[in-house]
>>> print(open('run.txt').read())   # compact mmCIF, C-alpha atoms
# COMPACT_ATOMS: atom_id res chain seq x y z
CA MET T 1 150.21 83.27 25.29
CA THR T 2 148.91 82.46 28.77
CA ALA T 3 148.79 79.04 30.41
CA THR T 4 145.01 79.24 30.37
CA THR T 5 144.95 79.62 26.58
CA ASP T 6 147.38 76.73 26.16
CA ARG T 7 145.28 74.40 28.26
CA ARG T 8 142.08 75.34 26.48
CA LYS T 9 143.71 74.70 23.11
CA ALA T 10 144.84 71.30 24.29
CA ALA T 11 141.27 70.40 25.28
CA PRO T 12 139.25 68.46 22.69
CA ALA T 13 136.36 70.19 20.96
CA PRO T 14 133.01 69.63 22.70
CA THR T 15 131.13 66.70 21.22
CA GLY T 16 128.07 64.69 22.12
CA SER T 17 124.75 65.60 23.63
CA PRO T 18 124.79 68.59 26.02
CA VAL T 19 122.45 66.82 28.48
CA VAL T 20 124.85 63.92 29.10
CA THR T 21 126.62 65.83 31.88
CA TYR T 22 123.36 66.36 33.77
CA TYR T 23 122.32 62.72 33.56
CA LEU T 24 125.77 61.47 34.53
CA LEU T 25 125.62 63.55 37.71
CA ALA T 26 122.02 62.55 38.47
CA ALA T 27 122.70 58.84 37.91
CA ALA T 28 125.93 58.81 39.94
CA THR T 29 124.29 60.64 42.83
CA THR T 30 121.37 58.20 42.85
CA ILE T 31 123.67 55.15 42.83
CA LEU T 32 125.86 56.42 45.67
CA VAL T 33 122.97 57.60 47.85
CA MET T 34 121.06 54.33 47.48
CA ILE T 35 124.12 52.22 48.25
CA GLY T 36 124.95 54.50 51.15
CA LEU T 37 121.48 54.22 52.68
CA ALA T 38 121.50 50.43 52.48
CA VAL T 39 124.97 50.01 53.97
CA VAL T 40 124.54 52.70 56.65
CA LEU T 41 121.37 50.94 57.82
CA SER T 42 123.27 47.67 58.04
CA SER T 43 126.52 48.94 59.56
CA SER T 44 124.95 51.35 62.07
CA SER T 45 122.26 49.01 63.37
CA ILE T 46 124.48 47.34 65.95
CA SER T 47 125.74 50.67 67.30
CA SER T 48 122.15 51.88 67.47
CA ILE T 49 121.07 48.83 69.45
CA ARG T 50 123.91 49.29 71.91
CA SER T 51 123.35 53.04 72.38
CA THR T 52 119.55 52.93 72.64
CA GLY T 53 119.02 49.59 74.30
CA GLY T 54 117.35 47.82 71.40
CA ASN T 55 116.35 50.23 68.63
CA PRO T 56 118.37 49.46 65.44
CA TRP T 57 116.93 52.41 63.50
CA THR T 58 118.21 55.41 65.49
CA LEU T 59 121.39 56.29 63.55
CA PHE T 60 119.78 55.40 60.23
CA LEU T 61 116.87 57.77 60.87
CA VAL T 62 119.35 60.57 61.59
CA GLN T 63 121.06 59.79 58.27
CA PHE T 64 117.68 59.70 56.50
CA ALA T 65 116.73 63.10 57.93
CA ALA T 66 120.05 64.50 56.69
CA LEU T 67 119.34 62.95 53.30
CA LEU T 68 116.02 64.78 53.07
CA LEU T 69 117.70 68.08 53.89
CA GLY T 70 120.49 67.36 51.43
CA LEU T 71 118.09 66.41 48.64
CA THR T 72 116.17 69.63 49.26
CA ALA T 73 119.41 71.58 48.89
CA LEU T 74 120.27 69.60 45.75
CA VAL T 75 116.89 70.11 44.05
CA LEU T 76 116.65 73.81 44.91
CA GLY T 77 120.29 74.46 44.09
CA SER T 78 120.09 72.67 40.74
CA ARG T 79 117.22 74.94 39.68
CA MET T 80 119.03 78.18 40.47
CA PRO T 81 120.65 80.20 37.67
CA ILE T 82 124.40 80.61 37.62
CA VAL T 83 124.14 84.32 38.46
CA TRP T 84 122.30 83.38 41.66
CA TRP T 85 125.19 81.17 42.75
CA LYS T 86 127.60 84.02 42.06
CA ARG T 87 125.55 86.29 44.31
CA MET T 88 125.33 83.65 47.03
CA THR T 89 129.07 82.98 47.05
CA PRO T 90 130.05 85.71 49.60
CA LEU T 91 127.27 84.57 51.96
CA VAL T 92 128.31 80.91 51.79
CA PHE T 93 132.02 81.69 52.06
CA TYR T 94 131.95 84.19 54.92
CA GLY T 95 129.25 82.19 56.67
CA SER T 96 131.56 79.15 56.56
CA ILE T 97 134.43 81.18 58.01
CA GLY T 98 132.16 82.40 60.78
CA LEU T 99 131.16 78.85 61.66
CA LEU T 100 134.80 77.73 61.69
CA VAL T 101 135.56 80.52 64.16
CA VAL T 102 132.63 79.41 66.31
CA VAL T 103 134.09 75.91 66.33
CA GLN T 104 137.29 77.20 67.92
CA LEU T 105 135.36 79.23 70.48
CA THR T 106 132.57 76.86 71.52
CA GLY T 107 133.09 73.65 69.57
CA TYR T 108 134.03 70.22 70.83
CA ALA T 109 136.30 67.41 69.68
CA VAL T 110 135.43 63.98 68.32
CA GLY T 111 138.24 61.49 67.80
CA GLY T 112 140.84 64.14 68.59
CA ASN T 113 139.58 66.63 66.00
CA LYS T 114 137.87 69.78 67.26
CA ASN T 115 135.53 70.39 64.37
CA TRP T 116 132.01 70.08 65.76
CA ILE T 117 129.46 72.53 67.16
CA ARG T 118 126.08 71.84 68.67
CA ILE T 119 122.99 73.72 67.47
CA GLY T 120 120.20 72.75 69.81
CA SER T 121 120.16 68.96 69.84
CA VAL T 122 121.93 68.68 66.49
CA SER T 123 125.69 68.33 65.94
CA VAL T 124 127.14 70.09 62.91
CA GLN T 125 130.57 69.87 61.29
CA PRO T 126 131.17 73.31 59.68
CA SER T 127 134.33 72.20 57.86
CA GLU T 128 132.14 70.17 55.47
CA PHE T 129 130.25 73.28 54.40
CA ALA T 130 133.51 75.25 54.27
CA LYS T 131 134.56 73.11 51.29
CA LEU T 132 131.54 74.36 49.35
CA GLY T 133 132.17 77.95 50.40
CA LEU T 134 135.83 77.77 49.39
CA ALA T 135 135.05 76.22 45.99
CA LEU T 136 132.51 78.91 45.15
CA TYR T 137 134.78 81.71 46.38
CA LEU T 138 137.77 80.51 44.36
CA GLY T 139 135.57 80.15 41.30
CA LEU T 140 134.26 83.69 41.61
CA VAL T 141 137.55 85.44 42.40
CA LEU T 142 139.83 83.48 40.05
CA ALA T 143 137.38 83.88 37.18
CA GLN T 144 137.66 87.64 37.55
CA MET T 145 141.47 87.57 37.83
CA ARG T 146 142.32 84.74 35.45
CA LYS T 147 144.29 87.02 33.08
CA GLU T 148 146.41 88.36 35.94
CA LEU T 149 147.47 85.07 37.56
CA THR T 150 151.09 85.29 36.43
CA SER T 151 152.68 86.59 39.64
CA LEU T 152 152.81 85.42 43.24
CA LYS T 153 151.02 88.57 44.39
CA ALA T 154 148.04 88.01 42.09
CA ILE T 155 147.90 84.35 43.07
CA ALA T 156 148.07 85.09 46.79
CA VAL T 157 145.77 88.13 47.01
CA PRO T 158 142.98 87.66 47.76
CA SER T 159 142.27 84.03 46.84
CA GLY T 160 145.44 82.47 48.25
CA ILE T 161 145.11 84.29 51.57
CA ALA T 162 141.44 83.33 51.84
CA ALA T 163 142.16 79.67 51.11
CA ALA T 164 145.10 79.58 53.54
CA GLY T 165 143.01 81.23 56.24
CA MET T 166 140.17 78.76 55.88
CA ILE T 167 142.50 75.76 55.78
CA GLY T 168 144.34 77.18 58.80
CA LEU T 169 141.13 77.35 60.81
CA VAL T 170 140.51 73.68 60.00
CA LEU T 171 144.06 72.75 61.03
CA VAL T 172 143.67 74.58 64.35
CA GLY T 173 141.08 71.92 65.13
CA HIS T 174 143.64 69.22 64.17
CA ASP T 175 141.54 67.96 61.24
CA MET T 176 144.35 67.20 58.82
CA GLY T 177 142.22 64.95 56.61
CA THR T 178 139.76 67.72 55.78
CA ALA T 179 142.63 70.17 55.29
CA ILE T 180 144.22 67.85 52.71
CA VAL T 181 140.93 67.70 50.79
CA MET T 182 140.72 71.50 50.83
CA VAL T 183 144.28 71.78 49.52
CA MET T 184 143.33 69.46 46.64
CA LEU T 185 140.25 71.56 45.98
CA THR T 186 142.32 74.76 45.91
CA ALA T 187 144.97 73.25 43.61
CA ALA T 188 142.31 72.13 41.11
CA ALA T 189 140.77 75.61 41.07
CA TYR T 190 144.13 77.28 40.43
CA TRP T 191 145.03 74.80 37.70
CA VAL T 192 141.82 75.34 35.73
CA ALA T 193 142.11 79.10 36.30
CA GLY T 194 145.36 78.98 34.34
CA VAL T 195 148.07 79.50 36.96
CA PRO T 196 151.48 78.73 35.35
CA ALA T 197 152.79 75.27 36.18
CA ARG T 198 155.97 76.58 37.83
CA PHE T 199 153.92 77.97 40.71
CA PHE T 200 152.57 74.52 41.47
CA GLY T 201 156.11 73.36 42.16
CA LEU T 202 156.51 76.17 44.68
CA GLY T 203 153.14 75.29 46.19
CA ALA T 204 154.09 71.61 46.48
CA ALA T 205 157.35 72.52 48.23
CA ALA T 206 155.53 74.81 50.68
CA ALA T 207 152.90 72.15 51.31
CA SER T 208 155.59 69.54 51.99
CA VAL T 209 157.20 71.78 54.59
CA GLY T 210 153.81 72.39 56.16
CA VAL T 211 153.05 68.67 56.34
CA ILE T 212 156.40 67.97 58.03
CA VAL T 213 155.74 70.69 60.60
CA LEU T 214 152.25 69.34 61.29
CA LEU T 215 153.54 65.79 61.67
CA THR T 216 156.08 66.91 64.28
CA GLN T 217 153.38 68.64 66.35
CA GLY T 218 151.62 65.48 67.48
CA THR T 219 152.39 61.84 68.10
CA THR T 220 149.12 60.50 66.68
CA ARG T 221 149.86 61.46 63.07
CA ILE T 222 153.38 60.03 63.18
CA ALA T 223 152.03 56.86 64.79
CA ARG T 224 149.49 56.38 62.00
CA ILE T 225 152.17 56.67 59.33
CA MET T 226 154.57 54.34 61.15
CA THR T 227 151.76 51.84 61.63
CA TRP T 228 150.97 51.97 57.93
CA LEU T 229 154.65 51.51 56.97
CA SER T 230 155.25 48.73 59.48
CA ALA T 231 155.72 45.24 58.04
CA ASP T 232 155.02 43.65 61.39
CA CYS T 233 152.15 45.41 63.13
CA ASP T 234 149.82 44.27 65.90
CA THR T 235 146.60 43.24 64.15
CA GLN T 236 144.76 43.45 67.46
CA GLY T 237 146.16 46.86 68.32
CA ALA T 238 147.51 49.64 66.11
CA CYS T 239 146.70 47.83 62.84
CA LEU T 240 143.28 46.60 63.94
CA GLN T 241 141.18 48.96 61.83
CA GLN T 242 142.94 48.52 58.51
CA THR T 243 143.38 44.78 59.08
CA ARG T 244 139.69 44.23 59.80
CA GLY T 245 138.82 46.39 56.81
CA THR T 246 140.95 44.20 54.55
CA TRP T 247 139.36 41.06 56.01
CA ALA T 248 135.91 42.50 55.31
CA LEU T 249 136.79 43.16 51.68
CA ALA T 250 138.34 39.72 51.27
CA SER T 251 135.42 37.84 52.81
CA GLY T 252 132.95 39.45 50.42
CA GLY T 253 134.38 37.79 47.34
CA ILE T 254 132.73 38.62 44.03
CA TRP T 255 129.07 38.65 45.06
CA GLY T 256 129.31 39.48 48.78
CA LEU T 257 127.73 37.90 51.81
CA GLY T 258 124.43 39.63 51.13
CA PRO T 259 122.74 42.85 52.34
CA GLY T 260 122.85 43.13 56.13
CA MET T 261 125.09 40.06 56.50
CA SER T 262 128.32 41.83 57.48
CA ARG T 263 130.27 40.22 60.31
CA GLU T 264 132.66 43.12 60.90
CA LYS T 265 129.86 45.52 61.85
CA TRP T 266 129.40 43.58 65.11
CA GLY T 267 131.99 45.73 66.84
CA TYR T 268 135.06 44.27 65.13
CA LEU T 269 135.68 47.09 62.64
CA PRO T 270 135.82 50.62 64.13
CA ALA T 271 133.99 53.34 62.15
CA SER T 272 132.33 50.70 59.99
CA ASP T 273 129.48 53.06 59.10
CA ASN T 274 131.74 56.02 58.35
CA ASP T 275 135.43 56.04 57.43
CA PHE T 276 135.48 52.30 56.62
CA ILE T 277 132.06 51.90 55.05
CA TYR T 278 133.72 50.90 51.76
CA ALA T 279 134.93 47.75 53.51
CA ILE T 280 131.37 46.91 54.54
CA ILE T 281 130.22 47.48 50.95
CA GLY T 282 132.83 44.96 49.83
CA GLU T 283 131.82 42.49 52.53
CA GLU T 284 128.07 42.63 51.87
CA TRP T 285 127.97 43.47 48.16
CA GLY T 286 131.27 41.99 47.07
CA LEU T 287 133.43 43.09 44.18
CA ILE T 288 130.29 44.05 42.26
CA GLY T 289 129.31 46.60 44.91
CA THR T 290 132.77 48.13 45.26
CA VAL T 291 133.15 48.45 41.49
CA ALA T 292 129.70 50.06 41.26
CA VAL T 293 130.88 52.73 43.71
CA LEU T 294 134.05 53.30 41.67
CA ILE T 295 132.02 53.61 38.47
CA ALA T 296 129.70 56.15 40.10
CA PHE T 297 132.61 58.38 41.16
CA ALA T 298 134.14 57.96 37.69
CA MET T 299 130.85 59.23 36.25
CA ILE T 300 131.12 62.34 38.43
CA LEU T 301 134.70 62.83 37.25
CA VAL T 302 133.64 62.58 33.60
CA ALA T 303 130.77 65.02 34.19
CA VAL T 304 133.06 67.56 35.89
CA THR T 305 135.58 67.23 33.06
CA ARG T 306 132.81 67.94 30.57
CA LEU T 307 131.80 71.07 32.49
CA VAL T 308 135.36 72.34 32.53
CA HIS T 309 135.86 71.77 28.81
CA ARG T 310 132.42 72.59 27.44
CA HIS T 311 131.16 75.51 29.53
CA ARG T 312 132.01 79.06 28.50
CA ASP T 313 131.72 80.70 31.94
CA PRO T 314 135.10 80.62 33.77
CA PHE T 315 133.25 80.73 37.11
CA VAL T 316 131.56 77.45 36.20
CA GLN T 317 134.81 75.91 34.94
CA ILE T 318 136.83 76.75 38.04
CA THR T 319 134.10 75.98 40.58
CA SER T 320 133.31 72.67 38.88
CA ALA T 321 136.96 71.63 39.02
CA ALA T 322 137.15 72.54 42.71
CA LEU T 323 133.95 70.67 43.58
CA GLY T 324 135.06 67.66 41.54
CA ALA T 325 138.44 67.58 43.29
CA TRP T 326 136.61 67.63 46.62
CA ILE T 327 134.09 64.87 45.87
CA VAL T 328 136.25 62.55 43.77
CA GLY T 329 139.50 63.36 45.56
CA GLN T 330 138.02 62.67 48.98
CA ALA T 331 136.54 59.41 47.67
CA PHE T 332 139.99 58.42 46.40
CA ILE T 333 141.56 59.09 49.80
CA ASN T 334 138.85 57.18 51.68
CA ILE T 335 139.02 54.15 49.40
CA ALA T 336 142.84 54.17 49.37
CA VAL T 337 142.85 54.07 53.17
CA VAL T 338 140.50 51.06 53.22
CA LEU T 339 142.73 49.31 50.66
CA GLU T 340 145.78 50.08 52.86
CA LEU T 341 147.32 52.26 50.15
CA LEU T 342 147.35 55.26 52.51
CA PRO T 343 147.53 55.66 56.30
CA VAL T 344 144.27 56.27 58.15
CA THR T 345 143.19 59.89 57.62
CA GLY T 346 139.61 59.97 58.92
CA VAL T 347 137.69 61.35 55.94
CA PRO T 348 134.25 59.95 55.01
CA LEU T 349 133.22 58.53 51.65
CA PRO T 350 131.12 61.31 50.06
CA LEU T 351 127.40 60.56 49.66
CA VAL T 352 127.88 57.11 51.19
CA SER T 353 129.28 57.31 54.74
CA SER T 354 127.09 58.12 57.71
CA GLY T 355 127.29 61.69 58.90
CA GLY T 356 124.67 64.35 58.34
CA SER T 357 127.00 67.29 57.69
CA SER T 358 129.01 65.41 55.07
CA LEU T 359 125.91 64.15 53.30
CA ILE T 360 124.14 67.52 53.21
CA ALA T 361 127.25 69.39 52.05
CA SER T 362 128.02 66.80 49.36
CA LEU T 363 124.47 66.88 48.03
CA ALA T 364 124.52 70.68 48.01
CA ALA T 365 127.75 70.54 45.98
CA LEU T 366 126.10 68.14 43.51
CA GLY T 367 123.20 70.60 43.31
CA VAL T 368 125.64 73.30 42.20
CA LEU T 369 127.12 70.98 39.55
CA LEU T 370 123.64 70.05 38.32
CA ALA T 371 122.78 73.75 38.03
CA PHE T 372 125.88 74.22 35.90
CA ALA T 373 125.04 71.16 33.80
CA ARG T 374 121.52 72.42 33.13
CA ARG T 375 123.07 75.50 31.56
CA GLU T 376 125.81 73.84 29.57
CA PRO T 377 125.81 75.22 26.00
CA GLY T 378 122.91 73.58 24.19
CA ALA T 379 121.43 71.99 27.32
CA PRO T 380 118.63 74.55 27.94
CA GLU T 381 117.36 74.04 24.40
CA ALA T 382 117.57 70.26 24.75
CA PHE T 383 115.63 70.30 28.03
CA ALA T 384 113.08 72.70 26.58
CA ALA T 385 112.52 70.38 23.62
CA ARG T 386 112.01 67.33 25.80
CA PRO T 387 108.28 67.86 26.61
CA SER T 388 107.43 68.47 22.96
CA MET T 389 109.24 65.26 22.01
CA ILE T 390 107.18 63.33 24.54
CA LYS T 391 103.97 64.90 23.26
CA ARG T 392 104.89 64.03 19.69
CA SER T 393 105.61 60.44 20.68
CA ILE T 394 102.24 60.14 22.40
CA ALA T 395 100.57 61.63 19.33
CA VAL T 396 102.29 59.10 17.06
CA VAL T 397 101.19 56.21 19.29
CA SER T 398 97.61 57.53 19.38
CA ARG T 399 97.45 57.84 15.59
CA GLY T 400 98.83 54.32 15.27
CA ARG T 401 96.09 52.92 17.48
CA ARG T 402 93.37 54.75 15.56
CA GLY T 403 94.75 53.44 12.32
>>> encode(input="run.txt", output="structure tokens")
Amino acid sequence: MTATTDRRKAAPAPTGSPVVTYYLLAAATTILVMIGLAVVLSSSSISSIRSTGGNPWTLFLVQFAALLLGLTALVLGSRMPIVWWKRMTPLVFYGSIGLLVVVQLTGYAVGGNKNWIRIGSVSVQPSEFAKLGLALYLGLVLAQMRKELTSLKAIAVPSGIAAAGMIGLVLVGHDMGTAIVMVMLTAAAYWVAGVPARFFGLGAAAASVGVIVLLTQGTTRIARIMTWLSADCDTQGACLQQTRGTWALASGGIWGLGPGMSREKWGYLPASDNDFIYAIIGEEWGLIGTVAVLIAFAMILVAVTRLVHRHRDPFVQITSAALGAWIVGQAFINIAVVLELLPVTGVPLPLVSSGGSSLIASLAALGVLLAFARREPGAPEAFAARPSMIKRSIAVVSRGRRG
């Protein structure tokens, strides 16, 4: 009996309404996007004033434009049939690889990471879209090979080589944070595909060796870890960012200082609109705001779990797990950094942080999950019955008024 069969037997039988998954994803996306817009406007306003000489809206309008593009991708993607996503997978995957190669040839670095290219007047981070391409590719290939994933050769060819190549291109640009997220994404895909557990031990050992090698190649990564481990660190120097982030969270209390009332955004907290936006949420919206964000990501996790357990298509199961590991896993890393549970890694909070590429790619990924949720067993019939239910309700109300 294969590992895949064992895991499926251990899963509980599908229960509940088939449309719950769709509404969980839609509600969570709405919550995170709305909170993100409000806090990005607040936290980026000071930087906008300084860079433009008085206009507080500049960075927010860029984020809003990215939101419109991302919502377009989400709406269109959610309406596409599953077979369409299977056909689009090679285009998205190989297109992502092509963009990552372009980054190494003509890209430029921001914050020490060479992961940006310029298209006209717009800056794009291809590694964000590479996550989507990798998730789709692993879903397609592993679904076709799921009964053969019992040897290292089957695990490595072609999916393992493809994943390693894409992650390697990201690491060439020194973006270790994004590479870690992609490793998590890949591990989730392999797990749901049914790879025997013993191979995960080998993978963890290989990954540990790789991390050690990467840490020895630069002083910045080692410095971040030593700063995080230090019991006596300069709060005005190496520990400034995490210290100010903790102060922001603490000053918010339960209810927060109020929308737009952050003190740390006035140049005290670096990357307040991006990597440390969760601290600004805590400062302005308090414990209530931070818990709302956690609940929203938990809703996405529940929805992804439902897709994995309830859907019959292995492509959907594996791709959903990979996308969920990306969105929820990256959120976990970002929030853990702000809470000083991990050293600074430089990954944004999905759907919330400023950054057009991250927002568009995350919304596109949610569009894929919504497309899967719309075709969960029983969901098409439930959605098809919805208009008739509304019409019947209106008819009942009309008859009641006439009576």
>>> residues_around(input="run.txt", residues="Ile117 of chain T", least_positions_apart="2", cutoff="8 Å", atoms="all atoms listed in the file", output="PyMOL selection string")
chain T and resi 102-103+106-108+115+119+123-126
>>> closest_residue(input="run.txt", among="T:Ile35, T:Ala28, T:Met184, T:Ile49", to="Phe332 of chain T", atoms="all atoms listed in the file")
T:Met184
>>> axis_aligned_box(input="run.txt", around="segment 19-27 of chain T", padding_each_side="6 Å", output="JSON")
{"center_x": 124.3, "center_y": 62.8, "center_z": 33.5, "size_x": 16.6, "size_y": 20.0, "size_z": 22.0}
>>> residues_near_point(input="run.txt", point="(128.1, 57.2, 53.4)", cutoff="8 Å", atoms="all atoms listed in the file", output="PyMOL selection string")
chain T and resi 33+36-37+39-40+273-274+277+348-355+359
>>> atom_distance(input="run.txt", atom1="atom CA of Val157 of chain T", atom2="atom CA of Leu169 of chain T")
18.1 Å
>>> residues_around(input="run.txt", residues="Gly289 of chain T", least_positions_apart="5", cutoff="10 Å", atoms="all atoms listed in the file", output="PyMOL selection string")
chain T and resi 35+252+254-256+278+280-284+294-295
>>> atom_distance(input="run.txt", atom1="atom CA of Gly165 of chain T", atom2="atom CA of Val347 of chain T")
20.6 Å
>>> atom_distance(input="run.txt", atom1="atom CA of Arg118 of chain T", atom2="atom CA of Leu214 of chain T")
27.3 Å
>>> residues_around(input="run.txt", residues="Gly253 of chain T", least_positions_apart="4", cutoff="10 Å", atoms="all atoms listed in the file", output="number ranges by chain")
T: 248-249, 257, 282-288
>>> residues_around(input="run.txt", residues="Met88 of chain T", least_positions_apart="4", cutoff="12 Å", atoms="all atoms listed in the file", output="list in words")
Gly77, Met80, Pro81, Ile82, Val83, Trp84, Val92, Phe93, Tyr94, Gly95, Leu132, Gly133, Leu136, Tyr137, Leu140 and Val368 of chain T
>>> closest_residue(input="run.txt", among="T:Val195, T:Ser230, T:Val181, T:Phe129", to="Ala154 of chain T", atoms="only C-alpha atoms")
T:Val195
>>> residues_around(input="run.txt", residues="Cys239 of chain T", least_positions_apart="5", cutoff="7 Å", atoms="all atoms listed in the file", output="mmCIF file with C-alpha atoms, keeping the file's coordinate frame")
data_model
loop_
_atom_site.group_PDB
_atom_site.id
_atom_site.type_symbol
_atom_site.label_atom_id
_atom_site.label_comp_id
_atom_site.auth_asym_id
_atom_site.auth_seq_id
_atom_site.Cartn_x
_atom_site.Cartn_y
_atom_site.Cartn_z
ATOM 1 C CA THR T 227 151.760 51.840 61.630
ATOM 2 C CA CYS T 233 152.150 45.410 63.130
ATOM 3 C CA ASP T 234 149.820 44.270 65.900
#
>>> closest_residue(input="run.txt", among="T:Arg221, T:Leu41, T:Arg374, T:Ala206", to="His311 of chain T", atoms="all atoms listed in the file")
T:Arg374
>>> closest_residue(input="run.txt", among="T:Asp313, T:Gln241, T:Gln217, T:Leu369", to="Leu301 of chain T", atoms="all atoms listed in the file")
T:Leu369
>>> decode(input="run.txt", residues="segment 35-95 of chain T", atoms="C-alpha atoms", output="mmCIF file, in the first residue's frame")
data_model
loop_
_atom_site.group_PDB
_atom_site.id
_atom_site.type_symbol
_atom_site.label_atom_id
_atom_site.label_comp_id
_atom_site.auth_asym_id
_atom_site.auth_seq_id
_atom_site.Cartn_x
_atom_site.Cartn_y
_atom_site.Cartn_z
ATOM 1 C CA ILE T 35 -6.513 45.741 6.096
ATOM 2 C CA GLY T 36 -3.516 45.910 3.790
ATOM 3 C CA LEU T 37 -4.851 48.911 1.872
ATOM 4 C CA ALA T 38 -5.591 50.848 5.054
ATOM 5 C CA VAL T 39 -2.225 50.159 6.672
ATOM 6 C CA VAL T 40 -0.180 50.638 3.480
ATOM 7 C CA LEU T 41 -1.804 54.060 3.037
ATOM 8 C CA SER T 42 -0.867 54.966 6.594
ATOM 9 C CA SER T 43 2.643 53.494 6.712
ATOM 10 C CA SER T 44 3.741 54.633 3.234
ATOM 11 C CA SER T 45 2.442 58.198 3.464
ATOM 12 C CA ILE T 46 5.533 59.570 5.184
ATOM 13 C CA SER T 47 7.889 57.944 2.675
ATOM 14 C CA SER T 48 5.743 59.321 -0.136
ATOM 15 C CA ILE T 49 5.923 62.834 1.270
ATOM 16 C CA ARG T 50 9.689 62.632 1.581
ATOM 17 C CA SER T 51 10.241 61.192 -1.914
ATOM 18 C CA THR T 52 7.802 63.458 -3.768
ATOM 19 C CA GLY T 53 8.089 66.641 -1.762
ATOM 20 C CA GLY T 54 4.602 66.647 -0.286
ATOM 21 C CA ASN T 55 2.333 64.087 -1.958
ATOM 22 C CA PRO T 56 1.324 61.376 0.578
ATOM 23 C CA TRP T 57 -0.568 59.296 -1.994
ATOM 24 C CA THR T 58 2.203 58.235 -4.403
ATOM 25 C CA LEU T 59 3.142 54.805 -3.001
ATOM 26 C CA PHE T 60 -0.458 54.027 -2.112
ATOM 27 C CA LEU T 61 -1.621 54.700 -5.668
ATOM 28 C CA VAL T 62 1.037 52.301 -6.956
ATOM 29 C CA GLN T 63 -0.277 49.680 -4.529
ATOM 30 C CA PHE T 64 -3.861 50.413 -5.600
ATOM 31 C CA ALA T 65 -2.950 49.984 -9.274
ATOM 32 C CA ALA T 66 -1.340 46.636 -8.434
ATOM 33 C CA LEU T 67 -4.482 45.690 -6.529
ATOM 34 C CA LEU T 68 -6.629 46.330 -9.598
ATOM 35 C CA LEU T 69 -4.360 44.140 -11.726
ATOM 36 C CA GLY T 70 -4.317 41.459 -9.051
ATOM 37 C CA LEU T 71 -8.096 41.481 -8.653
ATOM 38 C CA THR T 72 -8.447 41.151 -12.419
ATOM 39 C CA ALA T 73 -6.184 38.099 -12.324
ATOM 40 C CA LEU T 74 -8.148 36.713 -9.367
ATOM 41 C CA VAL T 75 -11.581 37.163 -10.956
ATOM 42 C CA LEU T 76 -10.551 35.821 -14.362
ATOM 43 C CA GLY T 77 -8.533 32.980 -12.870
ATOM 44 C CA SER T 78 -11.337 31.919 -10.541
ATOM 45 C CA ARG T 79 -13.693 31.543 -13.510
ATOM 46 C CA MET T 80 -11.373 29.303 -15.513
ATOM 47 C CA PRO T 81 -11.932 25.529 -15.563
ATOM 48 C CA ILE T 82 -9.330 23.254 -14.051
ATOM 49 C CA VAL T 83 -8.322 21.910 -17.465
ATOM 50 C CA TRP T 84 -7.455 25.468 -18.519
ATOM 51 C CA TRP T 85 -5.050 25.816 -15.599
ATOM 52 C CA LYS T 86 -3.438 22.519 -16.558
ATOM 53 C CA ARG T 87 -2.881 23.826 -20.080
ATOM 54 C CA MET T 88 -1.517 27.125 -18.797
ATOM 55 C CA THR T 89 0.953 25.494 -16.416
ATOM 56 C CA PRO T 90 3.869 25.114 -18.910
ATOM 57 C CA LEU T 91 3.466 28.747 -20.021
ATOM 58 C CA VAL T 92 3.468 30.080 -16.455
ATOM 59 C CA PHE T 93 6.327 27.830 -15.350
ATOM 60 C CA TYR T 94 8.710 28.333 -18.266
ATOM 61 C CA GLY T 95 7.789 32.008 -18.446
#
